[in-house]
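Q: Next comes the structure file target_10.cif, holding mmCIF, C-alpha atoms.
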```
data_target
loop_
_atom_site.label_atom_id
_atom_site.label_comp_id
_atom_site.auth_asym_id
_atom_site.auth_seq_id
_atom_site.Cartn_x
_atom_site.Cartn_y
_atom_site.Cartn_z
CA MET A 1 -20.49 -0.97 14.68
CA LYS A 2 -21.01 -2.17 11.15
CA VAL A 3 -17.82 -2.18 9.12
CA ALA A 4 -17.69 -2.66 5.38
CA LEU A 5 -14.31 -4.04 4.38
CA LEU A 6 -13.53 -3.32 0.74
CA TYR A 7 -11.05 -5.72 -0.80
CA THR A 8 -9.35 -6.99 -3.92
CA ARG A 9 -7.97 -10.09 -2.24
CA ILE A 10 -8.21 -11.23 1.35
CA ARG A 11 -4.61 -11.40 2.52
CA LYS A 12 -3.34 -12.33 5.96
CA ASP A 13 -3.61 -8.64 6.86
CA GLU A 14 -7.34 -8.60 6.13
CA LYS A 15 -7.85 -11.91 7.94
CA LEU A 16 -6.21 -10.45 11.06
CA LEU A 17 -8.50 -7.43 10.89
CA LEU A 18 -11.61 -9.50 10.20
CA SER A 19 -10.83 -11.75 13.13
CA GLU A 20 -10.25 -8.82 15.49
CA LEU A 21 -13.43 -7.05 14.37
CA ARG A 22 -15.58 -10.17 14.70
CA ASP A 23 -14.08 -11.12 18.06
CA ARG A 24 -15.20 -7.73 19.35
CA GLY A 25 -18.72 -8.33 18.12
CA HIS A 26 -18.68 -5.89 15.24
CA GLU A 27 -20.78 -6.67 12.20
CA VAL A 28 -18.55 -7.02 9.16
CA SER A 29 -19.64 -6.88 5.56
CA LYS A 30 -17.03 -7.84 2.98
CA VAL A 31 -17.21 -5.94 -0.29
CA ASP A 32 -15.37 -7.52 -3.20
CA VAL A 33 -14.90 -4.42 -5.33
CA LYS A 34 -14.13 -6.54 -8.40
CA ARG A 35 -17.64 -7.90 -8.31
CA THR A 36 -19.40 -4.73 -7.16
CA SER A 37 -20.54 -1.73 -9.16
CA PHE A 38 -20.94 1.74 -7.74
CA ASP A 39 -23.49 4.21 -9.04
CA LEU A 40 -24.30 7.81 -8.17
CA GLY A 41 -27.42 7.00 -6.19
CA ASP A 42 -27.63 4.49 -3.40
CA PRO A 43 -24.64 2.50 -2.16
CA PRO A 44 -24.33 -1.15 -3.14
CA ALA A 45 -26.13 -3.48 -0.74
CA ASP A 46 -22.99 -4.65 1.07
CA LEU A 47 -22.05 -1.05 1.86
CA ALA A 48 -25.48 0.22 2.85
CA GLY A 49 -25.83 1.09 6.52
CA ALA A 50 -22.13 0.82 7.29
CA ASP A 51 -20.81 2.99 10.10
CA LEU A 52 -17.37 2.80 8.60
CA ALA A 53 -15.85 1.62 5.34
CA LEU A 54 -12.36 0.16 5.53
CA ASP A 55 -10.62 0.35 2.18
CA ARG A 56 -8.24 -2.58 1.93
CA CYS A 57 -8.09 -2.76 -1.87
CA MET A 58 -4.75 -3.93 -3.22
CA ALA A 59 -5.40 -2.30 -6.57
CA THR A 60 -4.65 1.39 -6.41
CA SER A 61 -7.19 2.21 -9.10
CA GLN A 62 -9.92 0.38 -7.19
CA SER A 63 -8.89 1.92 -3.87
CA ARG A 64 -8.92 5.49 -5.11
CA TYR A 65 -12.37 5.31 -6.67
CA ALA A 66 -14.07 2.98 -4.19
CA ALA A 67 -13.03 5.22 -1.30
CA ARG A 68 -14.37 8.23 -3.14
CA PHE A 69 -17.72 6.52 -3.67
CA CYS A 70 -17.89 5.71 0.03
CA ARG A 71 -17.51 9.36 0.84
CA HIS A 72 -20.11 10.21 -1.82
CA TYR A 73 -22.56 7.94 -0.01
CA GLY A 74 -21.77 9.67 3.27
CA ILE A 75 -19.99 6.67 4.76
CA PRO A 76 -16.83 7.51 6.72
CA VAL A 77 -13.94 5.75 5.03
CA VAL A 78 -10.46 4.76 6.13
CA ASN A 79 -8.40 5.96 4.44
CA ASP A 80 -9.88 9.14 3.12
CA PRO A 81 -9.84 9.26 -0.70
CA GLU A 82 -7.71 12.40 -0.65
CA THR A 83 -5.11 10.58 1.42
CA ALA A 84 -5.27 7.65 -0.98
CA ALA A 85 -4.84 9.98 -3.96
CA VAL A 86 -1.74 11.59 -2.46
CA CYS A 87 -0.12 8.42 -1.16
CA SER A 88 -0.71 6.37 -4.28
CA ASP A 89 1.09 8.92 -6.44
CA LYS A 90 4.79 9.34 -5.73
CA VAL A 91 4.86 12.81 -7.25
CA ARG A 92 2.04 14.02 -5.03
CA THR A 93 3.64 12.36 -2.02
CA SER A 94 6.96 14.12 -2.66
CA LEU A 95 5.21 17.45 -3.08
CA ALA A 96 3.14 17.00 0.08
CA LEU A 97 6.14 16.00 2.18
CA ASP A 98 8.29 18.83 0.86
CA GLU A 99 5.56 21.41 1.37
CA ALA A 100 5.20 20.21 4.95
CA GLY A 101 8.94 20.52 5.54
CA VAL A 102 9.38 16.77 5.98
CA PRO A 103 12.81 15.63 4.78
CA THR A 104 12.42 13.48 1.69
CA PRO A 105 14.92 12.42 -0.98
CA ASP A 106 15.74 15.00 -3.64
CA THR A 107 13.42 14.35 -6.56
CA THR A 108 13.09 15.61 -10.12
CA VAL A 109 10.17 14.89 -12.44
CA ALA A 110 10.65 15.02 -16.21
CA PHE A 111 8.26 14.40 -19.06
CA ASP A 112 10.48 13.32 -21.91
CA THR A 113 13.51 11.13 -22.28
CA GLU A 114 16.08 13.89 -22.82
CA SER A 115 14.85 15.80 -19.79
CA ALA A 116 14.91 12.59 -17.77
CA LEU A 117 18.49 11.90 -18.85
CA ASP A 118 19.47 15.46 -17.95
CA ALA A 119 17.93 14.93 -14.51
CA MET A 120 19.84 11.70 -13.98
CA GLU A 121 23.10 13.27 -15.16
CA SER A 122 22.46 16.09 -12.73
CA PHE A 123 21.99 13.66 -9.82
CA GLY A 124 24.98 11.59 -10.91
CA TYR A 125 25.18 7.83 -10.63
CA PRO A 126 23.81 5.90 -8.96
CA CYS A 127 20.42 7.53 -8.92
CA VAL A 128 16.95 6.01 -8.79
CA LEU A 129 14.16 5.87 -11.34
CA LYS A 130 10.74 4.95 -10.01
CA PRO A 131 7.26 4.52 -11.45
CA VAL A 132 4.85 7.15 -10.14
CA VAL A 133 2.35 4.43 -9.21
CA GLY A 134 3.57 1.12 -7.89
CA SER A 135 4.49 -0.81 -4.82
CA TRP A 136 6.43 -3.73 -3.37
CA GLY A 137 9.61 -2.44 -4.97
CA ARG A 138 8.47 -3.34 -8.45
CA LEU A 139 9.85 -1.47 -11.50
CA MET A 140 12.30 0.42 -9.32
CA ALA A 141 15.64 1.00 -10.97
CA LYS A 142 18.95 1.88 -9.40
CA VAL A 143 20.68 3.54 -12.32
CA ASP A 144 24.44 3.04 -12.24
CA SER A 145 25.54 4.59 -15.53
CA ARG A 146 24.59 6.81 -18.44
CA SER A 147 24.18 3.81 -20.71
CA ALA A 148 21.79 2.14 -18.24
CA ALA A 149 19.84 5.41 -17.97
CA GLU A 150 19.49 5.65 -21.74
CA ALA A 151 18.20 2.10 -22.00
CA LEU A 152 15.73 2.55 -19.15
CA VAL A 153 14.16 5.74 -20.45
CA GLU A 154 13.89 4.28 -23.94
CA HIS A 155 12.15 1.19 -22.61
CA LYS A 156 9.78 3.24 -20.46
CA ALA A 157 8.96 5.62 -23.30
CA THR A 158 8.41 2.82 -25.80
CA LEU A 159 6.77 0.06 -23.84
CA GLY A 160 5.03 1.69 -20.96
CA HIS A 161 1.66 2.96 -20.03
CA TYR A 162 1.45 6.76 -20.33
CA GLU A 163 2.27 7.08 -16.63
CA HIS A 164 5.71 5.63 -17.38
CA LYS A 165 6.40 8.73 -19.44
CA VAL A 166 6.37 10.66 -16.19
CA PHE A 167 10.00 10.10 -15.20
CA TYR A 168 10.37 10.26 -11.45
CA VAL A 169 14.08 10.54 -10.72
CA GLN A 170 15.40 10.50 -7.21
CA ALA A 171 18.71 10.80 -5.45
CA PHE A 172 20.13 7.48 -4.32
CA VAL A 173 20.26 7.38 -0.53
CA ASP A 174 23.14 5.30 0.75
CA LYS A 175 21.23 3.79 3.65
CA PRO A 176 22.86 1.39 6.11
CA GLY A 177 21.42 -1.78 4.58
CA ARG A 178 17.99 -1.20 6.02
CA ASP A 179 15.02 1.11 6.08
CA LEU A 180 12.31 1.64 8.65
CA ARG A 181 8.57 1.08 8.49
CA VAL A 182 6.35 2.75 11.06
CA LEU A 183 2.67 1.92 11.13
CA ALA A 184 0.75 4.89 12.47
CA THR A 185 -2.83 5.92 13.11
CA ASP A 186 -3.30 9.64 12.51
CA GLY A 187 0.40 10.12 13.07
CA GLU A 188 0.62 8.12 16.30
CA PRO A 189 3.10 5.25 15.93
CA VAL A 190 1.58 1.82 16.58
CA ALA A 191 4.56 -0.38 15.80
CA ALA A 192 7.77 -0.17 13.82
CA MET A 193 10.32 -2.45 12.23
CA ALA A 194 13.63 -2.28 10.46
CA ARG A 195 13.82 -4.09 7.14
CA SER A 196 17.29 -5.31 6.21
CA SER A 197 18.67 -6.77 3.03
CA ASP A 198 21.89 -7.04 1.06
CA HIS A 199 19.87 -5.79 -1.91
CA TRP A 200 19.36 -2.05 -2.31
CA LEU A 201 15.61 -2.66 -2.09
CA THR A 202 14.58 -3.54 1.44
CA ASN A 203 10.85 -4.11 0.98
CA ALA A 204 9.41 -6.91 3.09
CA ALA A 205 7.69 -8.02 -0.12
CA LYS A 206 11.19 -8.54 -1.58
CA GLY A 207 12.13 -10.82 1.28
CA ALA A 208 13.96 -8.40 3.57
CA ASP A 209 14.67 -9.54 7.12
CA THR A 210 12.56 -7.72 9.67
CA GLU A 211 13.13 -6.86 13.30
CA THR A 212 11.34 -4.60 15.73
CA PHE A 213 12.46 -0.99 15.89
CA ALA A 214 12.05 1.32 18.86
CA VAL A 215 10.63 4.62 17.66
CA ASP A 216 12.63 7.56 19.02
CA ASP A 217 11.42 11.14 19.34
CA ARG A 218 12.82 12.23 15.99
CA VAL A 219 11.15 9.38 14.14
CA ALA A 220 7.89 9.95 15.98
CA ASP A 221 7.98 13.63 15.02
CA LEU A 222 8.64 12.84 11.36
CA VAL A 223 5.90 10.22 11.29
CA ALA A 224 3.40 12.67 12.75
CA ARG A 225 4.37 15.35 10.25
CA ALA A 226 4.39 12.98 7.29
CA SER A 227 0.98 11.67 8.28
CA ARG A 228 -0.41 15.17 8.58
CA ALA A 229 1.08 16.11 5.21
CA VAL A 230 -0.89 13.41 3.39
CA GLY A 231 -4.14 13.80 5.32
CA GLY A 232 -3.68 11.34 8.19
CA GLY A 233 -5.27 7.95 8.62
CA LEU A 234 -3.95 4.42 8.85
CA LEU A 235 -0.56 4.69 7.21
CA GLY A 236 2.77 2.98 6.74
CA VAL A 237 5.51 5.59 6.83
CA ASP A 238 8.87 4.50 5.41
CA LEU A 239 12.07 6.22 6.44
CA MET A 240 15.76 5.83 5.68
CA GLU A 241 18.63 6.69 7.97
CA THR A 242 20.99 9.16 6.32
CA GLY A 243 23.73 9.37 8.92
CA GLU A 244 22.61 12.86 9.90
CA GLY A 245 18.98 12.01 10.49
CA TYR A 246 16.13 10.49 8.57
CA THR A 247 14.43 10.98 5.25
CA VAL A 248 10.86 9.90 4.51
CA HIS A 249 10.66 8.19 1.13
CA GLU A 250 7.18 6.74 1.12
CA VAL A 251 3.81 6.88 2.85
CA ASN A 252 1.56 3.88 2.18
CA HIS A 253 -2.20 4.28 2.43
CA ALA A 254 -3.09 0.58 1.96
CA VAL A 255 -0.53 -0.52 4.47
CA GLU A 256 0.27 -4.19 4.92
CA PHE A 257 1.24 -5.14 8.44
CA LYS A 258 1.55 -8.92 8.65
CA ALA A 259 5.36 -8.65 8.66
CA LEU A 260 5.21 -5.94 11.30
CA ASP A 261 2.78 -7.97 13.40
CA GLY A 262 5.30 -10.79 13.38
CA ALA A 263 8.35 -8.60 14.00
CA SER A 264 7.00 -6.54 16.89
CA ASN A 265 5.49 -7.37 20.25
CA VAL A 266 2.55 -5.10 19.55
CA ASP A 267 -0.92 -6.46 18.87
CA VAL A 268 -1.11 -4.56 15.60
CA PRO A 269 -4.62 -5.59 14.49
CA GLY A 270 -5.89 -4.89 18.00
CA ARG A 271 -4.42 -1.39 18.00
CA VAL A 272 -5.74 -0.72 14.50
CA VAL A 273 -9.24 -1.79 15.47
CA ASP A 274 -9.05 0.36 18.62
CA TRP A 275 -8.42 3.30 16.33
CA LEU A 276 -11.12 2.29 13.83
CA GLU A 277 -13.60 2.25 16.70
CA SER A 278 -12.58 5.78 17.63
CA VAL A 279 -13.00 6.93 14.02
CA ALA A 280 -16.46 5.36 13.79
CA ALA A 281 -17.39 7.00 17.09
CA GLY A 282 -16.38 10.34 15.64
CA SER A 283 -13.37 10.89 17.86
CA GLY A 284 -10.90 10.37 15.05
CA HIS A 285 -10.72 13.41 12.81
CA PRO A 286 -9.45 13.47 9.24
CA GLU A 287 -6.68 15.96 8.80
CA GLU A 288 -6.16 18.52 6.09
CA VAL A 289 -4.33 17.50 2.94
CA SER A 290 -1.63 19.91 1.93
CA ALA A 291 -1.15 18.80 -1.69
CA MET B 1 -11.81 -29.92 0.45
CA ALA B 2 -12.56 -28.58 -3.00
CA SER B 3 -11.51 -29.41 -6.53
CA CYS B 4 -9.04 -27.40 -8.56
CA ILE B 5 -10.80 -25.87 -11.53
CA GLN B 6 -7.65 -26.28 -13.61
CA CYS B 7 -6.40 -29.81 -12.92
CA GLY B 8 -9.34 -31.30 -11.02
CA ASP B 9 -7.22 -32.50 -8.11
CA ASP B 10 -8.22 -31.95 -4.50
CA VAL B 11 -7.36 -28.60 -2.91
CA SER B 12 -7.17 -28.63 0.87
CA LEU B 13 -8.58 -25.62 2.68
CA HIS B 14 -8.14 -24.59 6.28
CA GLU B 15 -11.11 -24.12 8.57
CA SER B 16 -11.06 -20.35 8.62
CA VAL B 17 -11.03 -19.92 4.86
CA GLU B 18 -12.55 -16.61 3.75
CA VAL B 19 -14.27 -15.62 0.55
CA GLY B 20 -11.73 -13.50 -1.29
CA GLU B 21 -8.75 -15.50 -0.07
CA ILE B 22 -6.25 -16.96 -2.51
CA VAL B 23 -5.19 -20.60 -2.26
CA ASP B 24 -2.65 -22.51 -4.32
CA CYS B 25 -3.37 -25.84 -5.91
CA GLY B 26 -0.69 -28.17 -4.56
CA THR B 27 -0.77 -30.23 -7.73
CA CYS B 28 -0.70 -27.79 -10.64
CA GLY B 29 0.29 -24.62 -8.75
CA VAL B 30 -2.49 -22.42 -10.09
CA GLU B 31 -3.70 -19.61 -7.82
CA LEU B 32 -7.37 -19.95 -6.96
CA GLU B 33 -9.70 -17.42 -5.43
CA VAL B 34 -12.32 -18.57 -2.96
CA VAL B 35 -15.53 -17.08 -4.33
CA GLY B 36 -17.97 -18.99 -2.13
CA ASP B 37 -17.64 -20.77 1.21
CA ASP B 38 -20.94 -22.59 1.65
CA PRO B 39 -20.24 -24.70 -0.30
CA VAL B 40 -16.68 -23.78 -1.20
CA ASN B 41 -16.44 -22.48 -4.72
CA LEU B 42 -13.16 -21.70 -6.43
CA ALA B 43 -12.33 -19.55 -9.43
CA GLU B 44 -9.06 -18.74 -11.14
CA ALA B 45 -7.47 -15.87 -9.24
CA PRO B 46 -7.01 -12.57 -11.06
CA GLU B 47 -3.51 -11.90 -12.32
CA LEU B 48 -1.31 -9.53 -10.40
CA GLU B 49 -1.71 -6.05 -11.84
CA GLU B 50 0.82 -3.26 -12.08
CA ASP B 51 -1.08 -1.00 -9.67
CA TRP B 52 -1.38 -3.60 -6.92
CA GLY B 53 0.42 -3.02 -3.68
CA GLU B 54 0.16 -1.05 -0.50
#
```
Can the structure in the file be given as structure tokens, please?
A:
Amino acid sequence: MKVALLYTRIRKDEKLLLSELRDRGHEVSKVDVKRTSFDLGDPPADLAGADLALDRCMATSQSRYAARFCRHYGIPVVNDPETAAVCSDKVRTSLALDEAGVPTPDTTVAFDTESALDAMESFGYPCVLKPVVGSWGRLMAKVDSRSAAEALVEHKATLGHYEHKVFYVQAFVDKPGRDLRVLATDGEPVAAMARSSDHWLTNAAKGADTETFAVDDRVADLVARASRAVGGGLLGVDLMETGEGYTVHEVNHAVEFKALDGASNVDVPGRVVDWLESVAAGSGHPEEVSA
Amino acid sequence: MASCIQCGDDVSLHESVEVGEIVDCGTCGVELEVVGDDPVNLAEAPELEEDWGE
């Protein structure tokens, strides 16, 4: 098959995929979206004739639009732009998960500072304030007091992009020093790891320690439902243990897996390419998006 | 081997370098993007943006 890999930067994740695709004899065309323009007519040369487009853009804005153009040109794209739109927006993710009955942390969205402060007072402290678009644990705030909350909302309202005036407030989940990342293809777990840290943020990008995690039936069920809720595809589903079960706090549509590839015994790029081949052959079916 | 566009010193590259990959200059520390591989051509890497991630 001919695969067009759309990218912002080529990270280790993309190198693993490129190597796996080439080793299997697939033709790969790399599309640097920063240096490519997309019009309403024909696809750009590097995309033309592709059996499958693989959106690996790091920039959410690039990912969302580039994937949509791929679909406009009639090129199957992983992930689907609707999935990207839901996953890249924490509000839409929360709504999709809740509508699908997937446990997710209690969340309130407010549009001005007083409403945001009311929401945080209602949750009590600590609570969490997150940007609606963002990743790698950046700009996440664990809010420990009223005075910290006041300072944070003032800063966001004064300094931020308009999206920072959408205050996404969430209950603080007292997790046991770790969270879980499950990489899944259309809801089927490929590999999983636990990410541990003394810090409240346990992102691998923040330097958390990683170890393989054996997916049990409850996690597998939640991963399948979370995947379906956002439209399926190649996803990184993040869960926290609550003591009584699990809660899904994030679904990543541009999932990085180099840490997972190192932590688990699974050939992650191999399994991902197996699935990409099935999608290109038409045996992988996009799922409905619920929000 | 290529030259850093910032400090001019040599930048070592591994065999499997890919266009689009980011390499660090060992001398001045600047991040460089590989924009061509035959011959190797380097440009200053774009700054990390707020919407980058996974």
Q: Show me, as an MDAnalysis selection string, the residues of chain A whose atoms get within 10 Å of chain B, using all atoms listed in the file for the distance check.
A: chainID A and resid 7:12 14:15 18:19 30:32 34 56:63 87:88 133:139 205 235:236 251:257
Q: Find the spatial neighbours of Ala229 (chain A), counting all atoms listed in the file, within a cut-off of 12 Å - ignore same-chain residues fewer than 4 positions away - and output them as an MDAnalysis selection string.
A: chainID A and resid 82:83 86:87 92:103 186:187 222:225 233 235 237 248 250:251 286:291
Q: Name every residue that the PyMOL selection byres ((chain B and resi 5) around 9) selects in this structure, writing the answer as a compact mmCIF listing (two decimals) with C-alpha atoms, in the coordinates of the input with chains first and numbers rising.
A:
```txt
# COMPACT_ATOMS: atom_id res chain seq x y z
CA SER B 3 -11.51 -29.41 -6.53
CA CYS B 4 -9.04 -27.40 -8.56
CA GLN B 6 -7.65 -26.28 -13.61
CA CYS B 7 -6.40 -29.81 -12.92
CA GLY B 8 -9.34 -31.30 -11.02
CA ASP B 9 -7.22 -32.50 -8.11
CA LEU B 32 -7.37 -19.95 -6.96
CA LEU B 42 -13.16 -21.70 -6.43
CA ALA B 43 -12.33 -19.55 -9.43
CA GLU B 44 -9.06 -18.74 -11.14
```
Q: Identify, on the basis of only C-alpha atoms, every residue whose closest approach to Gly270 (chain A) does not exceed 9 Å; exclude the query and any residue fewer than 2 positions from it along the same chain; express the result as a PyMOL selection string.
A: chain A and resi 16-17+20-21+266-268+272-275
Q: Can you measure CA of Met1 (chain A) to CA of His26 (chain A) for me? One decimal in Å is fine.
A: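 It comes out at 5.3 Å.
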Q: At what distance in Å, to one decimal, does CA of Thr247 (chain A) lie from CA of Pro176 (chain A)?
A: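 Answer for the CA of Pro176 (chain A) to CA of Thr247 (chain A) separation: 12.8 Å.
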Q: Please compute the CA of Arg218 (chain A)-CA of Ala171 (chain A) distance, one decimal, in Å.
A: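 Between CA of Arg218 (chain A) and CA of Ala171 (chain A) the gap works out to 22.3 Å.
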Q: Quick one: residues within 10 Å of region 151-157 of chain A, only C-alpha atoms, excluding same-chain residues fewer than 2 positions away - as a ChimeraX atom specification?
A: /A:111-114,116-117,129,131,141,143,146-149,159-167
Q: Go ahead and write the residues just picked, C-alpha atoms, as a compact mmCIF listing (two decimals), in the frame of the given file.
A:
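Saved result, out28.txt, follows:
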```txt
# COMPACT_ATOMS: atom_id res chain seq x y z
CA PHE A 111 8.26 14.40 -19.06
CA ASP A 112 10.48 13.32 -21.91
CA THR A 113 13.51 11.13 -22.28
CA GLU A 114 16.08 13.89 -22.82
CA ALA A 116 14.91 12.59 -17.77
CA LEU A 117 18.49 11.90 -18.85
CA LEU A 129 14.16 5.87 -11.34
CA PRO A 131 7.26 4.52 -11.45
CA ALA A 141 15.64 1.00 -10.97
CA VAL A 143 20.68 3.54 -12.32
CA ARG A 146 24.59 6.81 -18.44
CA SER A 147 24.18 3.81 -20.71
CA ALA A 148 21.79 2.14 -18.24
CA ALA A 149 19.84 5.41 -17.97
CA LEU A 159 6.77 0.06 -23.84
CA GLY A 160 5.03 1.69 -20.96
CA HIS A 161 1.66 2.96 -20.03
CA TYR A 162 1.45 6.76 -20.33
CA GLU A 163 2.27 7.08 -16.63
CA HIS A 164 5.71 5.63 -17.38
CA LYS A 165 6.40 8.73 -19.44
CA VAL A 166 6.37 10.66 -16.19
CA PHE A 167 10.00 10.10 -15.20
```
Q: To verify the selection step, state as a count of residues only which residues the PyMOL selection byres ((chain A and resi 259) around 12) yields on this input.
A: 34
Q: Which is closer to Val128 (chain A) than all the others in A:Asp46, A:Asp89, A:Asp174, A:Val77, using all atoms listed in the file?
A: A:Asp174
Q: Using the chain letters and numbering of this document, enumerate as a count of residues only the residues selected by the PyMOL selection byres ((chain B and resi 11) around 8).
A: 11
Q: Tell me which protein, DNA and RNA residues are within 6 Å of region 239-244 of chain A, counting only C-alpha atoms, leaving out same-chain ones fewer than 4 positions away, and put them as an MDAnalysis selection string.
A: chainID A and resid 175 179:180 248:249
Q: When you look at Ala50 (chain A) with a cut-off of 7 Å (counting only C-alpha atoms), what residues show up, excluding the ones that are within fewer than 3 positions of it in the same chain? I need them as a PDB file with C-alpha atoms, in the frame of the given file.
A:
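Listing of around.pdb after writing:
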```pdb
ATOM      1  CA  LYS A   2     -21.010  -2.170  11.150  1.00  0.00           C
ATOM      2  CA  VAL A   3     -17.820  -2.180   9.120  1.00  0.00           C
ATOM      3  CA  ALA A   4     -17.690  -2.660   5.380  1.00  0.00           C
ATOM      4  CA  LEU A  47     -22.050  -1.050   1.860  1.00  0.00           C
ATOM      5  CA  ALA A  53     -15.850   1.620   5.340  1.00  0.00           C
ATOM      6  CA  ILE A  75     -19.990   6.670   4.760  1.00  0.00           C
TER       7      ILE A  75
END
```
Q: Could you add the missing atoms to region 37-49 of chain B, up to N, CA, C and O atoms, and return them as a JSON list (two decimals), keeping the file's coordinate frame?
A:
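Final output, saved to part.json:
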```json
[["chain", "number", "residue", "atom", "x", "y", "z"],
["B", 37, "ASP", "N", -18.12, -19.89, 0.13],
["B", 37, "ASP", "CA", -17.64, -20.77, 1.21],
["B", 37, "ASP", "C", -18.71, -21.72, 1.73],
["B", 37, "ASP", "O", -18.46, -22.50, 2.65],
["B", 38, "ASP", "N", -19.89, -21.70, 1.15],
["B", 38, "ASP", "CA", -20.94, -22.59, 1.65],
["B", 38, "ASP", "C", -21.87, -22.99, 0.51],
["B", 38, "ASP", "O", -22.96, -22.43, 0.40],
["B", 39, "PRO", "N", -21.47, -23.90, -0.36],
["B", 39, "PRO", "CA", -20.24, -24.70, -0.30],
["B", 39, "PRO", "C", -19.06, -23.93, -0.89],
["B", 39, "PRO", "O", -19.26, -22.90, -1.55],
["B", 40, "VAL", "N", -17.87, -24.45, -0.66],
["B", 40, "VAL", "CA", -16.68, -23.78, -1.20],
["B", 40, "VAL", "C", -16.73, -23.80, -2.72],
["B", 40, "VAL", "O", -17.02, -24.82, -3.35],
["B", 41, "ASN", "N", -16.46, -22.64, -3.28],
["B", 41, "ASN", "CA", -16.44, -22.48, -4.72],
["B", 41, "ASN", "C", -15.17, -21.75, -5.09],
["B", 41, "ASN", "O", -14.84, -20.72, -4.49],
["B", 42, "LEU", "N", -14.44, -22.28, -6.05],
["B", 42, "LEU", "CA", -13.16, -21.70, -6.43],
["B", 42, "LEU", "C", -13.20, -21.17, -7.86],
["B", 42, "LEU", "O", -13.89, -21.73, -8.71],
["B", 43, "ALA", "N", -12.47, -20.10, -8.09],
["B", 43, "ALA", "CA", -12.33, -19.55, -9.43],
["B", 43, "ALA", "C", -10.86, -19.24, -9.65],
["B", 43, "ALA", "O", -10.10, -19.10, -8.68],
["B", 44, "GLU", "N", -10.45, -19.10, -10.89],
["B", 44, "GLU", "CA", -9.06, -18.74, -11.14],
["B", 44, "GLU", "C", -8.82, -17.34, -10.60],
["B", 44, "GLU", "O", -9.62, -16.42, -10.85],
["B", 45, "ALA", "N", -7.76, -17.17, -9.87],
["B", 45, "ALA", "CA", -7.47, -15.87, -9.24],
["B", 45, "ALA", "C", -7.06, -14.86, -10.30],
["B", 45, "ALA", "O", -6.41, -15.21, -11.29],
["B", 46, "PRO", "N", -7.45, -13.59, -10.10],
["B", 46, "PRO", "CA", -7.01, -12.57, -11.06],
["B", 46, "PRO", "C", -5.50, -12.42, -11.04],
["B", 46, "PRO", "O", -4.85, -12.61, -10.02],
["B", 47, "GLU", "N", -4.96, -12.11, -12.21],
["B", 47, "GLU", "CA", -3.51, -11.90, -12.32],
["B", 47, "GLU", "C", -3.10, -10.65, -11.56],
["B", 47, "GLU", "O", -3.86, -9.69, -11.47],
["B", 48, "LEU", "N", -1.90, -10.70, -11.06],
["B", 48, "LEU", "CA", -1.31, -9.53, -10.40],
["B", 48, "LEU", "C", -1.24, -8.38, -11.39],
["B", 48, "LEU", "O", -0.80, -8.54, -12.52],
["B", 49, "GLU", "N", -1.71, -7.21, -10.97],
["B", 49, "GLU", "CA", -1.71, -6.05, -11.84],
["B", 49, "GLU", "C", -0.62, -5.06, -11.40],
["B", 49, "GLU", "O", -0.17, -5.08, -10.26]]
```
